[in-house]
file entry-v4.pdb (PDB, C-alpha atoms, pLDDT in the B column)
ATOM      1  CA  MET A   1     -39.347  26.800  -7.171  1.00 46.00           C
ATOM      2  CA  ASP A   2     -38.051  24.311  -9.730  1.00 53.00           C
ATOM      3  CA  ASP A   3     -36.036  21.098  -9.280  1.00 54.00           C
ATOM      4  CA  LYS A   4     -32.720  22.921  -9.641  1.00 58.00           C
ATOM      5  CA  ASP A   5     -33.535  25.009  -6.582  1.00 55.00           C
ATOM      6  CA  ASN A   6     -34.352  21.871  -4.559  1.00 53.00           C
ATOM      7  CA  LYS A   7     -31.073  20.057  -5.274  1.00 61.00           C
ATOM      8  CA  ALA A   8     -28.333  20.092  -2.667  1.00 66.00           C
ATOM      9  CA  ARG A   9     -25.553  22.373  -3.728  1.00 84.00           C
ATOM     10  CA  ILE A  10     -21.904  21.390  -3.555  1.00 90.00           C
ATOM     11  CA  THR A  11     -19.214  24.022  -3.720  1.00 95.00           C
ATOM     12  CA  PHE A  12     -16.305  22.790  -5.826  1.00 97.00           C
ATOM     13  CA  PRO A  13     -13.634  21.742  -5.263  1.00 97.00           C
ATOM     14  CA  SER A  14     -14.974  19.676  -2.375  1.00 97.00           C
ATOM     15  CA  ARG A  15     -14.002  16.558  -0.417  1.00 97.00           C
ATOM     16  CA  TYR A  16     -16.356  13.803  -1.600  1.00 97.00           C
ATOM     17  CA  VAL A  17     -16.954  10.221  -0.503  1.00 98.00           C
ATOM     18  CA  LEU A  18     -18.297   7.899  -3.177  1.00 98.00           C
ATOM     19  CA  LYS A  19     -19.966   4.686  -1.979  1.00 98.00           C
ATOM     20  CA  VAL A  20     -19.966   1.696  -4.326  1.00 98.00           C
ATOM     21  CA  THR A  21     -21.488  -1.716  -3.632  1.00 98.00           C
ATOM     22  CA  ALA A  22     -20.741  -4.610  -5.966  1.00 98.00           C
ATOM     23  CA  ILE A  23     -20.976  -8.363  -6.240  1.00 98.00           C
ATOM     24  CA  ALA A  24     -17.839  -9.477  -4.398  1.00 96.00           C
ATOM     25  CA  THR A  25     -16.767 -12.143  -6.871  1.00 96.00           C
ATOM     26  CA  LEU A  26     -16.999  -9.764  -9.831  1.00 97.00           C
ATOM     27  CA  LEU A  27     -15.166  -6.605  -8.741  1.00 96.00           C
ATOM     28  CA  THR A  28     -11.774  -6.192  -7.111  1.00 96.00           C
ATOM     29  CA  LEU A  29     -10.255  -3.152  -5.463  1.00 97.00           C
ATOM     30  CA  LYS A  30      -7.773  -2.805  -8.328  1.00 97.00           C
ATOM     31  CA  GLU A  31     -10.564  -2.877 -10.926  1.00 97.00           C
ATOM     32  CA  LEU A  32     -12.584  -0.239  -9.084  1.00 98.00           C
ATOM     33  CA  LEU A  33      -9.477   1.886  -8.630  1.00 98.00           C
ATOM     34  CA  ALA A  34      -8.840   1.795 -12.380  1.00 97.00           C
ATOM     35  CA  MET A  35     -12.425   2.898 -13.104  1.00 97.00           C
ATOM     36  CA  VAL A  36     -12.253   5.782 -10.632  1.00 98.00           C
ATOM     37  CA  LYS A  37      -8.761   6.859 -11.777  1.00 98.00           C
ATOM     38  CA  HIS A  38     -10.204   7.461 -15.237  1.00 97.00           C
ATOM     39  CA  HIS A  39     -12.097  10.412 -13.714  1.00 98.00           C
ATOM     40  CA  VAL A  40      -9.959  11.167 -10.639  1.00 98.00           C
ATOM     41  CA  PRO A  41      -6.318  10.497 -11.603  1.00 98.00           C
ATOM     42  CA  GLU A  42      -4.904  11.362  -8.179  1.00 97.00           C
ATOM     43  CA  VAL A  43      -6.945   8.749  -6.280  1.00 98.00           C
ATOM     44  CA  SER A  44      -5.023   5.785  -4.835  1.00 97.00           C
ATOM     45  CA  GLU A  45      -5.712   2.645  -2.811  1.00 97.00           C
ATOM     46  CA  THR A  46      -5.094   4.644   0.362  1.00 97.00           C
ATOM     47  CA  ASN A  47      -8.239   6.660  -0.457  1.00 97.00           C
ATOM     48  CA  ILE A  48     -10.438   3.538  -0.532  1.00 98.00           C
ATOM     49  CA  THR A  49     -11.881   1.526   2.328  1.00 98.00           C
ATOM     50  CA  VAL A  50     -13.311  -1.921   1.674  1.00 98.00           C
ATOM     51  CA  LYS A  51     -15.938  -3.832   3.642  1.00 98.00           C
ATOM     52  CA  ASN A  52     -17.351  -7.250   2.812  1.00 97.00           C
ATOM     53  CA  SER A  53     -20.963  -8.132   3.568  1.00 97.00           C
ATOM     54  CA  SER A  54     -21.608 -10.558   6.416  1.00 97.00           C
ATOM     55  CA  GLN A  55     -22.159 -13.479   4.034  1.00 96.00           C
ATOM     56  CA  GLY A  56     -19.495 -12.405   1.551  1.00 96.00           C
ATOM     57  CA  LYS A  57     -21.814 -11.910  -1.429  1.00 97.00           C
ATOM     58  CA  TYR A  58     -21.234  -8.153  -1.684  1.00 98.00           C
ATOM     59  CA  VAL A  59     -18.349  -5.775  -1.174  1.00 98.00           C
ATOM     60  CA  SER A  60     -18.664  -2.079  -0.374  1.00 98.00           C
ATOM     61  CA  PHE A  61     -16.073   0.520  -1.262  1.00 98.00           C
ATOM     62  CA  SER A  62     -15.846   4.063   0.088  1.00 98.00           C
ATOM     63  CA  VAL A  63     -13.697   6.254  -2.118  1.00 98.00           C
ATOM     64  CA  SER A  64     -12.620   9.605  -0.715  1.00 98.00           C
ATOM     65  CA  PHE A  65     -11.335  12.259  -3.120  1.00 98.00           C
ATOM     66  CA  MET A  66     -11.415  15.942  -4.002  1.00 98.00           C
ATOM     67  CA  ALA A  67     -14.261  16.429  -6.478  1.00 98.00           C
ATOM     68  CA  GLU A  68     -13.566  19.178  -8.994  1.00 98.00           C
ATOM     69  CA  SER A  69     -17.005  19.595 -10.617  1.00 97.00           C
ATOM     70  CA  GLN A  70     -20.536  18.267 -10.883  1.00 96.00           C
ATOM     71  CA  GLU A  71     -19.694  17.123 -14.408  1.00 97.00           C
ATOM     72  CA  GLN A  72     -16.854  14.986 -13.036  1.00 98.00           C
ATOM     73  CA  LEU A  73     -19.183  13.370 -10.487  1.00 98.00           C
ATOM     74  CA  ASP A  74     -21.890  12.790 -13.097  1.00 97.00           C
ATOM     75  CA  ALA A  75     -19.476  11.128 -15.539  1.00 98.00           C
ATOM     76  CA  LEU A  76     -18.029   8.913 -12.803  1.00 98.00           C
ATOM     77  CA  TYR A  77     -21.530   7.898 -11.673  1.00 98.00           C
ATOM     78  CA  ARG A  78     -22.585   7.085 -15.253  1.00 98.00           C
ATOM     79  CA  ASP A  79     -19.531   4.915 -15.875  1.00 98.00           C
ATOM     80  CA  LEU A  80     -19.864   3.012 -12.603  1.00 98.00           C
ATOM     81  CA  THR A  81     -23.615   2.387 -12.843  1.00 97.00           C
ATOM     82  CA  ALA A  82     -23.208   1.048 -16.379  1.00 97.00           C
ATOM     83  CA  ARG A  83     -21.253  -1.920 -15.019  1.00 96.00           C
ATOM     84  CA  LYS A  84     -23.274  -5.090 -14.365  1.00 96.00           C
ATOM     85  CA  GLU A  85     -21.181  -6.116 -11.354  1.00 97.00           C
ATOM     86  CA  ILE A  86     -21.961  -2.862  -9.518  1.00 98.00           C
ATOM     87  CA  VAL A  87     -25.200  -3.001  -7.539  1.00 97.00           C
ATOM     88  CA  PHE A  88     -25.418   0.681  -6.591  1.00 96.00           C
ATOM     89  CA  VAL A  89     -23.474   3.913  -6.303  1.00 98.00           C
ATOM     90  CA  LEU A  90     -24.119   6.717  -3.839  1.00 96.00           C
TER      91      LEU A  90
END
call {"tool": "encode", "arguments": {"input": "entry-v4.pdb", "output": "structure tokens"}}
result
Amino acid sequence: MDDKDNKARITFPSRYVLKVTAIATLLTLKELLAMVKHHVPEVSETNITVKNSSQGKYVSFSVSFMAESQEQLDALYRDLTARKEIVFVL
């Protein structure tokens, strides 16, 4: 069995929740929304929940949307992880 057989399979289109954690002073909801809209044009602020860390250093975003393909998810992940203000993406 190779690595492709071990990966979780997603059937597309599928409801997907993207988790993004960033340095709070460097990324706003509007900025994240613009980045995500590049790949998921139909996403809006109503699809995003925001939670600040207990000491306010970090902010976490959960973005819910209908994912159309693995390629879409991969491109979105690449763009988000390339940003210095984003700590991690799940």
call {"tool": "resolve_selection", "arguments": {"input": "entry-v4.pdb", "expression": "the PyMOL selection byres ((chain A and resi 87) around 9)", "output": "tab-separated table (two decimals) with C-alpha atoms, keeping the file's coordinate frame"}}
result
chain	number	residue	atom	x	y	z
A	20	VAL	CA	-19.97	1.70	-4.33
A	21	THR	CA	-21.49	-1.72	-3.63
A	22	ALA	CA	-20.74	-4.61	-5.97
A	23	ILE	CA	-20.98	-8.36	-6.24
A	58	TYR	CA	-21.23	-8.15	-1.68
A	81	THR	CA	-23.62	2.39	-12.84
A	83	ARG	CA	-21.25	-1.92	-15.02
A	84	LYS	CA	-23.27	-5.09	-14.36
A	85	GLU	CA	-21.18	-6.12	-11.35
A	86	ILE	CA	-21.96	-2.86	-9.52
A	88	PHE	CA	-25.42	0.68	-6.59
A	89	VAL	CA	-23.47	3.91	-6.30
call {"tool": "atom_distance", "arguments": {"input": "entry-v4.pdb", "atom1": "atom CA of A:Glu45", "atom2": "atom CA of A:Leu33"}}
result
7.0 Å
call {"tool": "residues_around", "arguments": {"input": "entry-v4.pdb", "residues": "A:Gln70", "least_positions_apart": "3", "cutoff": "10 Å", "atoms": "only C-alpha atoms", "output": "ChimeraX atom specification"}}
result
/A:9-13,67,73-76
call {"tool": "atom_distance", "arguments": {"input": "entry-v4.pdb", "atom1": "atom CA of A:Thr28", "atom2": "atom CA of A:Ser14"}}
result
26.5 Å
call {"tool": "atom_distance", "arguments": {"input": "entry-v4.pdb", "atom1": "atom CA of A:Val59", "atom2": "atom CA of A:Ala24"}}
result
4.9 Å
call {"tool": "build_atoms", "arguments": {"input": "entry-v4.pdb", "residues": "stretch 65-76 of chain A", "atoms": "N, CA and C atoms", "output": "tab-separated table (two decimals), in the frame of the given file"}}
result
chain	number	residue	atom	x	y	z
A	65	PHE	N	-12.16	11.48	-2.19
A	65	PHE	CA	-11.34	12.26	-3.12
A	65	PHE	C	-11.83	13.70	-3.16
A	66	MET	N	-11.04	14.55	-3.82
A	66	MET	CA	-11.42	15.94	-4.00
A	66	MET	C	-12.15	16.04	-5.34
A	67	ALA	N	-13.45	16.29	-5.27
A	67	ALA	CA	-14.26	16.43	-6.48
A	67	ALA	C	-14.05	17.83	-7.04
A	68	GLU	N	-13.84	17.91	-8.34
A	68	GLU	CA	-13.57	19.18	-8.99
A	68	GLU	C	-14.80	19.84	-9.60
A	69	SER	N	-15.82	19.02	-9.98
A	69	SER	CA	-17.00	19.60	-10.62
A	69	SER	C	-18.16	18.61	-10.58
A	70	GLN	N	-19.36	19.13	-10.80
A	70	GLN	CA	-20.54	18.27	-10.88
A	70	GLN	C	-20.45	17.38	-12.11
A	71	GLU	N	-19.86	17.90	-13.18
A	71	GLU	CA	-19.69	17.12	-14.41
A	71	GLU	C	-18.79	15.91	-14.17
A	72	GLN	N	-17.74	16.10	-13.39
A	72	GLN	CA	-16.85	14.99	-13.04
A	72	GLN	C	-17.62	13.91	-12.28
A	73	LEU	N	-18.40	14.32	-11.28
A	73	LEU	CA	-19.18	13.37	-10.49
A	73	LEU	C	-20.22	12.65	-11.35
A	74	ASP	N	-20.88	13.39	-12.22
A	74	ASP	CA	-21.89	12.79	-13.10
A	74	ASP	C	-21.28	11.74	-14.03
A	75	ALA	N	-20.13	12.06	-14.62
A	75	ALA	CA	-19.48	11.13	-15.54
A	75	ALA	C	-19.01	9.87	-14.80
A	76	LEU	N	-18.46	10.05	-13.61
A	76	LEU	CA	-18.03	8.91	-12.80
A	76	LEU	C	-19.22	8.03	-12.44
